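Peer 1: What follows is the file work_28.tsv, containing TSV, C-alpha atoms:
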chain	number	residue	atom	x	y	z
A	1	MET	CA	0.00	0.00	0.00
A	2	GLN	CA	2.81	2.39	0.90
A	3	ILE	CA	4.52	1.65	-2.41
A	4	LEU	CA	1.30	2.44	-4.32
A	5	ASP	CA	0.88	5.68	-2.37
A	6	LYS	CA	4.44	6.67	-3.23
A	7	ILE	CA	3.89	5.88	-6.92
A	8	ASN	CA	0.67	7.94	-6.94
A	9	ARG	CA	2.41	10.87	-5.27
A	10	GLU	CA	5.25	10.68	-7.78
A	11	ASN	CA	2.80	10.56	-10.70
A	12	ILE	CA	0.92	13.62	-9.42
A	13	SER	CA	4.21	15.39	-8.78
A	14	ASP	CA	5.50	14.66	-12.27
A	15	MET	CA	2.20	15.67	-13.88
A	16	PHE	CA	2.28	19.01	-12.07
A	17	ALA	CA	5.92	19.59	-13.02
A	18	SER	CA	5.15	18.72	-16.64
A	19	SER	CA	2.07	20.96	-16.78
A	20	MET	CA	3.97	23.93	-15.36
A	21	THR	CA	6.71	23.38	-17.94
A	22	LYS	CA	4.13	23.42	-20.75
A	23	PHE	CA	2.57	26.58	-19.31
A	24	PHE	CA	5.87	28.46	-19.20
A	25	ARG	CA	6.73	27.18	-22.68
A	26	PHE	CA	3.41	28.60	-23.92
A	27	ILE	CA	4.21	31.98	-22.35
A	28	ALA	CA	7.65	32.03	-23.97
A	29	ASP	CA	6.22	31.04	-27.36
A	30	THR	CA	3.49	33.67	-27.12
A	31	PHE	CA	5.75	36.58	-26.23
A	32	PHE	CA	8.89	35.72	-28.17
A	33	ALA	CA	7.92	33.23	-30.90
A	34	LYS	CA	11.12	32.67	-32.91
A	35	ARG	CA	13.08	35.57	-31.39
A	36	TYR	CA	15.46	33.15	-29.72
A	37	GLY	CA	17.94	35.72	-28.49
A	38	HIS	CA	15.26	37.62	-26.58
A	39	ARG	CA	13.66	34.39	-25.42
A	40	ALA	CA	17.04	33.32	-24.03
A	41	VAL	CA	17.33	36.55	-22.03
A	42	VAL	CA	14.01	36.00	-20.27
A	43	LEU	CA	14.41	32.25	-19.80
A	44	GLU	CA	17.96	32.54	-18.46
A	45	THR	CA	16.81	35.20	-16.01
A	46	ILE	CA	14.26	32.74	-14.64
A	47	ALA	CA	16.72	29.84	-14.91
A	48	GLY	CA	19.08	31.59	-12.51
A	49	VAL	CA	16.49	31.48	-9.72
A	50	PRO	CA	16.06	27.75	-8.86
A	51	GLY	CA	19.70	26.93	-8.22
A	52	MET	CA	20.09	29.89	-5.88
A	53	ILE	CA	16.91	29.08	-3.94
A	54	ALA	CA	17.85	25.39	-3.70
A	55	GLY	CA	21.42	26.14	-2.65
A	56	VAL	CA	20.42	28.66	0.02
A	57	TRP	CA	17.66	26.39	1.34
A	58	MET	CA	20.06	23.45	1.55
A	59	HIS	CA	22.54	25.71	3.34
A	60	PHE	CA	20.00	26.61	6.02
A	61	LYS	CA	18.88	22.99	6.22
A	62	SER	CA	22.47	22.00	6.95
A	63	LEU	CA	22.64	24.65	9.68
A	64	ARG	CA	19.33	23.55	11.22
A	65	LYS	CA	20.27	19.87	11.26
A	66	MET	CA	23.90	20.63	12.11
A	67	LYS	CA	25.06	18.16	9.47
A	68	SER	CA	27.86	18.70	6.99
A	69	GLY	CA	26.74	16.27	4.29
A	70	TYR	CA	24.95	18.88	2.19
A	71	GLY	CA	28.13	20.58	0.99
A	72	PRO	CA	28.39	18.99	-2.50
A	73	GLN	CA	24.69	19.60	-3.19
A	74	ILE	CA	24.90	23.22	-2.06
A	75	ARG	CA	27.92	23.86	-4.27
A	76	GLU	CA	26.23	22.12	-7.23
A	77	MET	CA	23.08	24.25	-6.95
A	78	LEU	CA	24.94	27.52	-6.47
A	79	ALA	CA	27.22	26.68	-9.40
A	80	GLU	CA	24.12	26.03	-11.51
A	81	ALA	CA	22.69	29.43	-10.55
A	82	GLU	CA	25.97	31.15	-11.43
A	83	ASN	CA	26.17	29.29	-14.74
A	84	GLU	CA	22.66	30.42	-15.67
A	85	ARG	CA	23.54	33.99	-14.67
A	86	MET	CA	26.46	33.90	-17.07
A	87	HIS	CA	24.17	32.64	-19.84
A	88	LEU	CA	22.05	35.73	-19.23
A	89	MET	CA	25.08	37.99	-19.51
A	90	PHE	CA	26.00	36.43	-22.87
A	91	PHE	CA	22.57	36.84	-24.40
A	92	ILE	CA	22.06	40.36	-23.10
A	93	GLU	CA	25.03	41.34	-25.27
A	94	ILE	CA	23.48	39.58	-28.26
A	95	ALA	CA	19.80	40.49	-27.92
A	96	LYS	CA	20.16	43.93	-26.30
A	97	PRO	CA	16.71	43.87	-24.62
A	98	ASN	CA	14.69	47.08	-24.57
A	99	PHE	CA	13.01	48.67	-21.54
A	100	PHE	CA	9.80	46.65	-21.98
A	101	GLU	CA	11.69	43.36	-22.16
A	102	ARG	CA	13.79	44.28	-19.14
A	103	SER	CA	10.56	45.00	-17.26
A	104	ILE	CA	9.25	41.54	-18.18
A	105	VAL	CA	12.51	40.07	-16.91
A	106	LEU	CA	12.16	41.86	-13.57
A	107	MET	CA	8.55	40.79	-13.09
A	108	SER	CA	9.41	37.23	-14.13
A	109	GLN	CA	12.17	37.08	-11.54
A	110	ILE	CA	9.92	38.27	-8.74
A	111	LEU	CA	6.89	36.11	-9.56
A	112	PHE	CA	8.81	32.97	-10.42
A	113	GLY	CA	11.11	33.42	-7.44
A	114	LEU	CA	8.20	33.50	-4.99
A	115	PHE	CA	6.47	30.59	-6.74
A	116	TYR	CA	9.59	28.43	-6.82
A	117	PHE	CA	10.49	29.16	-3.21
A	118	PHE	CA	7.10	27.86	-2.10
A	119	ILE	CA	7.36	24.77	-4.30
A	120	TYR	CA	10.91	24.03	-3.18
A	121	VAL	CA	10.18	24.31	0.54
A	122	PHE	CA	7.03	22.17	0.53
A	123	PHE	CA	7.46	19.95	-2.55
A	124	THR	CA	11.19	19.61	-3.11
A	125	ARG	CA	10.98	16.59	-5.39
A	126	THR	CA	8.44	18.33	-7.63
A	127	ALA	CA	10.64	21.42	-7.73
A	128	HIS	CA	13.66	19.48	-8.97
A	129	ARG	CA	11.57	17.52	-11.47
A	130	MET	CA	10.08	20.74	-12.82
A	131	ILE	CA	13.52	22.25	-13.36
A	132	GLY	CA	14.63	19.03	-15.01
A	133	TYR	CA	11.75	19.46	-17.46
A	134	PHE	CA	12.55	23.17	-17.87
A	135	GLU	CA	16.10	22.27	-18.81
A	136	ASP	CA	14.85	19.65	-21.28
A	137	GLU	CA	12.82	22.41	-22.95
A	138	ALA	CA	15.86	24.69	-22.90
A	139	VAL	CA	17.86	22.04	-24.75
A	140	LYS	CA	15.11	21.88	-27.40
A	141	SER	CA	15.00	25.68	-27.71
A	142	TYR	CA	18.76	25.98	-28.09
A	143	THR	CA	18.74	23.18	-30.66
A	144	GLU	CA	16.13	25.11	-32.67
A	145	TYR	CA	18.15	28.30	-32.23
A	146	LEU	CA	21.29	26.53	-33.47
A	147	GLU	CA	19.44	25.19	-36.51
A	148	ILE	CA	18.25	28.62	-37.65
A	149	VAL	CA	21.71	30.11	-37.08
A	150	GLU	CA	23.39	27.37	-39.09
A	151	SER	CA	20.77	27.65	-41.84
A	152	GLY	CA	21.59	31.34	-42.26
A	153	LYS	CA	18.17	32.62	-41.13
A	154	VAL	CA	19.92	34.34	-38.23
A	155	GLU	CA	23.37	35.85	-38.67
A	156	ASN	CA	26.12	33.77	-37.08
A	157	ILE	CA	27.73	36.74	-35.38
A	158	PRO	CA	30.93	36.55	-33.32
A	159	ALA	CA	30.44	35.19	-29.81
A	160	PRO	CA	30.68	37.83	-27.05
A	161	ALA	CA	34.13	38.25	-25.54
A	162	LEU	CA	32.71	37.35	-22.11
A	163	ALA	CA	31.52	33.98	-23.45
A	164	ILE	CA	34.86	33.30	-25.12
A	165	GLN	CA	36.63	33.96	-21.84
A	166	TYR	CA	34.14	31.95	-19.77
A	167	TYR	CA	34.18	28.84	-21.95
A	168	LYS	CA	37.84	29.20	-22.99
A	169	ILE	CA	36.94	28.79	-26.64
A	170	GLY	CA	38.71	30.23	-29.66
A	171	SER	CA	38.79	33.98	-30.19
A	172	ASP	CA	37.12	33.47	-33.58
A	173	SER	CA	34.17	31.56	-32.06
A	174	LYS	CA	30.70	32.34	-33.36
A	175	LEU	CA	27.17	32.43	-31.98
A	176	SER	CA	26.72	28.81	-33.03
A	177	ASP	CA	29.69	27.80	-30.86
A	178	LEU	CA	28.21	29.67	-27.90
A	179	ILE	CA	24.83	27.99	-28.36
A	180	ARG	CA	26.47	24.56	-28.31
A	181	CYS	CA	28.26	25.40	-25.06
A	182	VAL	CA	25.11	26.73	-23.43
A	183	ARG	CA	23.08	23.74	-24.61
A	184	ALA	CA	25.64	21.38	-23.05
A	185	ASP	CA	25.27	23.25	-19.74
A	186	GLU	CA	21.50	22.87	-19.90
A	187	GLU	CA	21.83	19.14	-20.56
A	188	HIS	CA	23.98	18.84	-17.44
A	189	HIS	CA	21.47	20.83	-15.35
A	190	SER	CA	18.68	18.58	-16.61
A	191	GLU	CA	20.54	15.44	-15.57
A	192	THR	CA	21.35	16.91	-12.15
A	193	ASN	CA	17.79	17.96	-11.32
A	194	HIS	CA	16.20	14.77	-12.61
A	195	SER	CA	18.70	12.81	-10.52
A	196	TYR	CA	17.81	14.78	-7.39
A	197	ALA	CA	14.10	14.22	-8.07
A	198	ASP	CA	14.64	10.50	-8.57
A	199	ASN	CA	16.41	10.19	-5.24
A	200	LEU	CA	13.99	12.14	-3.05
Can I see the file as C-alpha cells?

Peer 2:
Amino acid sequence: MQILDKINRENISDMFASSMTKFFRFIADTFFAKRYGHRAVVLETIAGVPGMIAGVWMHFKSLRKMKSGYGPQIREMLAEAENERMHLMFFIEIAKPNFFERSIVLMSQILFGLFYFFIYVFFTRTAHRMIGYFEDEAVKSYTEYLEIVESGKVENIPAPALAIQYYKIGSDSKLSDLIRCVRADEEHHSETNHSYADNL
C-alpha cells in the first residue's frame, strides 16, 4: 500500500511539473515566438532562480540539522545558478533587450522566485523535477536556435568576448559555438535535477 501511495504521489508530482513546464513554454512562445535571443534573455533570467533558492535552502537545512553532508549539493546548486547567470550575460550582449523586455525580466524574476520558493520548501521533489523538465525544454529551444543560425536565417555573429573567456573557446568563435556550449550546460542541469528528483 505504501509503495502504491508513493507511486501515486510521484505521478501527481511529475504531472504538475510537466504541466507547469508546458505553461511556461506557452508563455515564452506567445511573447517571443522565434526571437530566440530575446527568449534566451528571459528564460535565463528565470533559470538563474532555482539553483540559488535550492542552494540557500540546503545551506540553512544543513545549519538547522547541524550536518555537513549537504556541501556537495549546495555547491552544485549555487554553481548552476551562477552558470545560468552567465548565460544571461552572454545573451544580453546579443539580444540587447529594450526597456519593456527588461521589465518583463524583472517581473518574471519576482513572480517565479516566490512561486519556486514555495514549491521548493514544501514539494522539493516536484521542484527538482520541474527544473529538469525546464532544462529539457531549454535544450530543445537551443537546438532550434542553433538550426536557424546554421541555416543562415539568423546571422552567425561573433560570440561575445565574455563567453569566449568563460568557456575558454577560440577567439574566432561564433554564436553557433556559444549555443552549443550553453546547450551542453542545460543538458547537465537537466541530468542533475532529474537525478535529485529520482532520489527524493

Peer 1: Mind checking which residues fall within 12 Å of His87 in chain A, counting only C-alpha atoms, ignoring those fewer than 4 positions away in the same chain, and posting them as a ChimeraX atom specification?

Peer 2: /A:37,40-48,80-83,91-94,138,142,160,162-164,166-167,178-186

Peer 1: How would you write as an NGL selection string the residues that get within 10 Å of (6.8, 15.8, -15.8) in the file's frame, counting only C-alpha atoms?

Peer 2: :A and (10-22 or 126 or 129-134 or 194)

Peer 1: Expressed in Å to a single decimal, how great is the separation between CA of Tyr116 in chain A and CA of Ala197 in chain A?

Peer 2: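 Rounded to one decimal, the two atoms are 15.0 Å apart.
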
Peer 1: Which is closest to Pro97 in chain A among A:Gly71, A:Tyr36, A:Glu144, A:Val139, if we use all atoms listed in the file?

Peer 2: A:Tyr36

Peer 1: Would you mind telling me which residue in A:Lys67, A:His128, A:Arg85, A:Arg39 lies nearest to Ile104 in chain A when using all atoms listed in the file?

Peer 2: A:Arg39

Peer 1: Once you count only C-alpha atoms, what closest atom pair and distance in Å to one decimal does each residue of range 87-170 of chain A within 9 Å of range 55-61 of chain A have, with rows by chain and rising residue number, as a tab-separated table?

Peer 2:
residue	atom	partner	partner_atom	distance
A:Phe117	CA	A:Trp57	CA	8.9
A:Tyr120	CA	A:Trp57	CA	8.5
A:Val121	CA	A:Trp57	CA	7.8

Peer 1: Report, in Å to a single decimal, how far apart CA of Met86 in chain A and CA of Arg102 in chain A are.

Peer 2: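 Pair CA of Arg102 in chain A / CA of Met86 in chain A returns 16.5 Å.
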
Peer 1: Need the axis-aligned box for range 71-74 of chain A with 8 Å each side, so what are the centre and edges in Å to one decimal, as JSON?

Peer 2:
{"center_x": 26.5, "center_y": 21.1, "center_z": -1.1, "size_x": 19.7, "size_y": 20.2, "size_z": 20.2}

Peer 1: Nearest residue to Glu187 in chain A out of A:Asn199, A:Gln165, A:Ser151, A:Ser141, using all atoms listed in the file?

Peer 2: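 The closest residue to Glu187 in chain A is A:Ser141.
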
Peer 1: Kindly give the distance, in Å, that separates CA of Phe23 in chain A and CA of Met77 in chain A, rounded to a single decimal.

Peer 2: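 So the two atoms, CA of Phe23 in chain A and CA of Met77 in chain A, lie 24.1 Å apart.
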